[in-house]
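The structure appears below as structure tokens.
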Amino acid sequence: MASDRPLRLSGVVQESIVDGPGIRYVVFVQGCPHGCPGCHNPQTHPFEGGYEADLDEIVAQVREDPLLQGVTFSGGEPFCQPEALCTLARRLRPYIKDLVVYSGYTLEQLEEMAGQRPAVGELLALCDVLIDGPYIEAQRDLTLQYRGSANQRVIQLKQRNP
């Protein structure tokens with residue numbers, strides 16, 4: 001499924017060690033409907049903010065960095081832009097070991113949404129690890145790996161061969 005919609009980003013981090021396993025290239029999408037109190041990235045909430053991504057530039061940066069294990073889509077809410085992210089994920093797949101996607105939606109909500117918006121299901125299919133659920137400030141736990149609150153889950157959607 002090709003996307004004619006541009007990808008709106010808040011920004012990228014070219015090498016992160018906190019947004020999934022190994023060293024990761026992180027794409028922070030712009031726009032989030034959840035508005036979780038205490039969110040670590042409140043600047044990503046407005047849908048009209050950010051900038052239009054250059055997918056060729058992102059792919060080139062990932063290809064040129066031999067230290068990267070994978071790419072992480074975070075936000076904002078990645079599943080608000082699934083068509084454009086599917087396009088990017090397919091282009092990145094040959095150069096990465098895995099794709100991690102953060103979402104304020106639960107896996108069950110995303111599976112239900114996929115019935116109405118097929119690109120949501122496609123993005124799930126391209127994803128190796130989903131970190132799901134809204135950030136809940138009352139359940140904040142800084143000892144958890146890759147997530148901020150105890151309700152959030154790290155879900156292995158598929159195991160890829162190294």
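Residues are referred to by chain and number: the chain letter is A, B, ... according to the order shown in the structure tokens, the number counts from 1 in that chain, and ligands are numbered separately from 1 in the order shown.
The protein and nucleic acid residues lying at most 7 Å from stretch 123-136 of chain A are Cys36, Cys39, Pro82, Cys86, Ala89, Asp98, Leu99, Val100, Val101, Tyr102, Ser103, Gly104, Tyr105, Thr106, Leu107, Gly148, Ser149, Asn151, Gln152, Arg153, Val154, Ile155, Gln156, Leu157, Lys158 and Gln159 of chain A, with only C-alpha atoms considered and sequence neighbours fewer than 5 positions away removed.
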Practice task
Could you give me, as a PyMOL selection string, each residue of stretch 5-87 of chain A that DSSP assigns to helix (DSSP H, G or I) when run on this structure's backbone?
Solution key: chain A and resi 42-44+55-63+78-80+82-87
Requested write-out: N, CA, C and O atoms of the selected residues, as a PDB file, in the first residue's frame:
```pdb
ATOM      1  N   PRO A  42       5.461  15.991  25.094  1.00  0.00           N
ATOM      2  CA  PRO A  42       4.243  16.764  24.846  1.00  0.00           C
ATOM      3  C   PRO A  42       4.319  17.644  23.591  1.00  0.00           C
ATOM      4  O   PRO A  42       3.292  17.989  23.017  1.00  0.00           O
ATOM      5  N   GLN A  43       5.524  17.968  23.159  1.00  0.00           N
ATOM      6  CA  GLN A  43       5.676  18.789  21.953  1.00  0.00           C
ATOM      7  C   GLN A  43       5.201  18.041  20.699  1.00  0.00           C
ATOM      8  O   GLN A  43       4.971  18.653  19.667  1.00  0.00           O
ATOM      9  N   THR A  44       5.028  16.735  20.798  1.00  0.00           N
ATOM     10  CA  THR A  44       4.569  15.953  19.647  1.00  0.00           C
ATOM     11  C   THR A  44       3.048  15.888  19.537  1.00  0.00           C
ATOM     12  O   THR A  44       2.534  15.354  18.562  1.00  0.00           O
ATOM     13  N   LEU A  55      11.770  11.168   3.330  1.00  0.00           N
ATOM     14  CA  LEU A  55      11.978   9.736   3.505  1.00  0.00           C
ATOM     15  C   LEU A  55      13.322   9.284   2.947  1.00  0.00           C
ATOM     16  O   LEU A  55      13.976   8.414   3.533  1.00  0.00           O
ATOM     17  N   ASP A  56      13.747   9.871   1.829  1.00  0.00           N
ATOM     18  CA  ASP A  56      15.051   9.512   1.255  1.00  0.00           C
ATOM     19  C   ASP A  56      16.181   9.820   2.234  1.00  0.00           C
ATOM     20  O   ASP A  56      17.126   9.040   2.363  1.00  0.00           O
ATOM     21  N   GLU A  57      16.077  10.940   2.921  1.00  0.00           N
ATOM     22  CA  GLU A  57      17.102  11.313   3.893  1.00  0.00           C
ATOM     23  C   GLU A  57      17.133  10.346   5.073  1.00  0.00           C
ATOM     24  O   GLU A  57      18.204   9.937   5.526  1.00  0.00           O
ATOM     25  N   ILE A  58      15.961   9.958   5.557  1.00  0.00           N
ATOM     26  CA  ILE A  58      15.898   9.009   6.668  1.00  0.00           C
ATOM     27  C   ILE A  58      16.515   7.671   6.266  1.00  0.00           C
ATOM     28  O   ILE A  58      17.348   7.110   6.985  1.00  0.00           O
ATOM     29  N   VAL A  59      16.137   7.170   5.111  1.00  0.00           N
ATOM     30  CA  VAL A  59      16.679   5.893   4.636  1.00  0.00           C
ATOM     31  C   VAL A  59      18.199   5.996   4.481  1.00  0.00           C
ATOM     32  O   VAL A  59      18.934   5.093   4.900  1.00  0.00           O
ATOM     33  N   ALA A  60      18.690   7.090   3.925  1.00  0.00           N
ATOM     34  CA  ALA A  60      20.137   7.260   3.746  1.00  0.00           C
ATOM     35  C   ALA A  60      20.856   7.290   5.091  1.00  0.00           C
ATOM     36  O   ALA A  60      21.917   6.670   5.243  1.00  0.00           O
ATOM     37  N   GLN A  61      20.294   7.984   6.076  1.00  0.00           N
ATOM     38  CA  GLN A  61      20.931   8.048   7.390  1.00  0.00           C
ATOM     39  C   GLN A  61      20.994   6.671   8.040  1.00  0.00           C
ATOM     40  O   GLN A  61      21.997   6.313   8.659  1.00  0.00           O
ATOM     41  N   VAL A  62      19.933   5.893   7.906  1.00  0.00           N
ATOM     42  CA  VAL A  62      19.920   4.543   8.478  1.00  0.00           C
ATOM     43  C   VAL A  62      20.933   3.654   7.750  1.00  0.00           C
ATOM     44  O   VAL A  62      21.709   2.933   8.379  1.00  0.00           O
ATOM     45  N   ARG A  63      20.953   3.722   6.436  1.00  0.00           N
ATOM     46  CA  ARG A  63      21.879   2.897   5.644  1.00  0.00           C
ATOM     47  C   ARG A  63      23.337   3.198   5.976  1.00  0.00           C
ATOM     48  O   ARG A  63      24.176   2.295   5.943  1.00  0.00           O
ATOM     49  N   PRO A  78       2.247   6.967  16.344  1.00  0.00           N
ATOM     50  CA  PRO A  78       2.543   6.450  15.011  1.00  0.00           C
ATOM     51  C   PRO A  78       1.319   5.943  14.254  1.00  0.00           C
ATOM     52  O   PRO A  78       1.245   6.093  13.029  1.00  0.00           O
ATOM     53  N   PHE A  79       0.351   5.375  14.941  1.00  0.00           N
ATOM     54  CA  PHE A  79      -0.792   4.795  14.238  1.00  0.00           C
ATOM     55  C   PHE A  79      -1.788   5.845  13.748  1.00  0.00           C
ATOM     56  O   PHE A  79      -2.798   5.491  13.138  1.00  0.00           O
ATOM     57  N   CYS A  80      -1.485   7.112  13.949  1.00  0.00           N
ATOM     58  CA  CYS A  80      -2.259   8.183  13.311  1.00  0.00           C
ATOM     59  C   CYS A  80      -1.736   8.459  11.898  1.00  0.00           C
ATOM     60  O   CYS A  80      -2.395   9.155  11.129  1.00  0.00           O
ATOM     61  N   PRO A  82      -0.367   5.717   9.724  1.00  0.00           N
ATOM     62  CA  PRO A  82       0.116   4.387   9.358  1.00  0.00           C
ATOM     63  C   PRO A  82       0.498   4.225   7.897  1.00  0.00           C
ATOM     64  O   PRO A  82       1.422   3.476   7.576  1.00  0.00           O
ATOM     65  N   GLU A  83      -0.193   4.910   6.990  1.00  0.00           N
ATOM     66  CA  GLU A  83       0.120   4.761   5.568  1.00  0.00           C
ATOM     67  C   GLU A  83       1.548   5.202   5.280  1.00  0.00           C
ATOM     68  O   GLU A  83       2.338   4.473   4.661  1.00  0.00           O
ATOM     69  N   ALA A  84       1.895   6.404   5.715  1.00  0.00           N
ATOM     70  CA  ALA A  84       3.242   6.931   5.467  1.00  0.00           C
ATOM     71  C   ALA A  84       4.300   6.112   6.190  1.00  0.00           C
ATOM     72  O   ALA A  84       5.389   5.868   5.656  1.00  0.00           O
ATOM     73  N   LEU A  85       3.993   5.649   7.401  1.00  0.00           N
ATOM     74  CA  LEU A  85       4.970   4.845   8.141  1.00  0.00           C
ATOM     75  C   LEU A  85       5.147   3.464   7.515  1.00  0.00           C
ATOM     76  O   LEU A  85       6.246   2.901   7.563  1.00  0.00           O
ATOM     77  N   CYS A  86       4.112   2.907   6.910  1.00  0.00           N
ATOM     78  CA  CYS A  86       4.266   1.639   6.190  1.00  0.00           C
ATOM     79  C   CYS A  86       5.237   1.819   5.025  1.00  0.00           C
ATOM     80  O   CYS A  86       6.107   0.968   4.795  1.00  0.00           O
ATOM     81  N   THR A  87       5.085   2.903   4.304  1.00  0.00           N
ATOM     82  CA  THR A  87       5.998   3.192   3.199  1.00  0.00           C
ATOM     83  C   THR A  87       7.429   3.269   3.706  1.00  0.00           C
ATOM     84  O   THR A  87       8.341   2.653   3.141  1.00  0.00           O
TER      85      THR A  87
END
```
Handout entry: DSSP-assigned strand (DSSP E or B) members of stretch 46-117 of chain A, reported as a ChimeraX atom specification
Key = /A:51-52,70-74,98-102
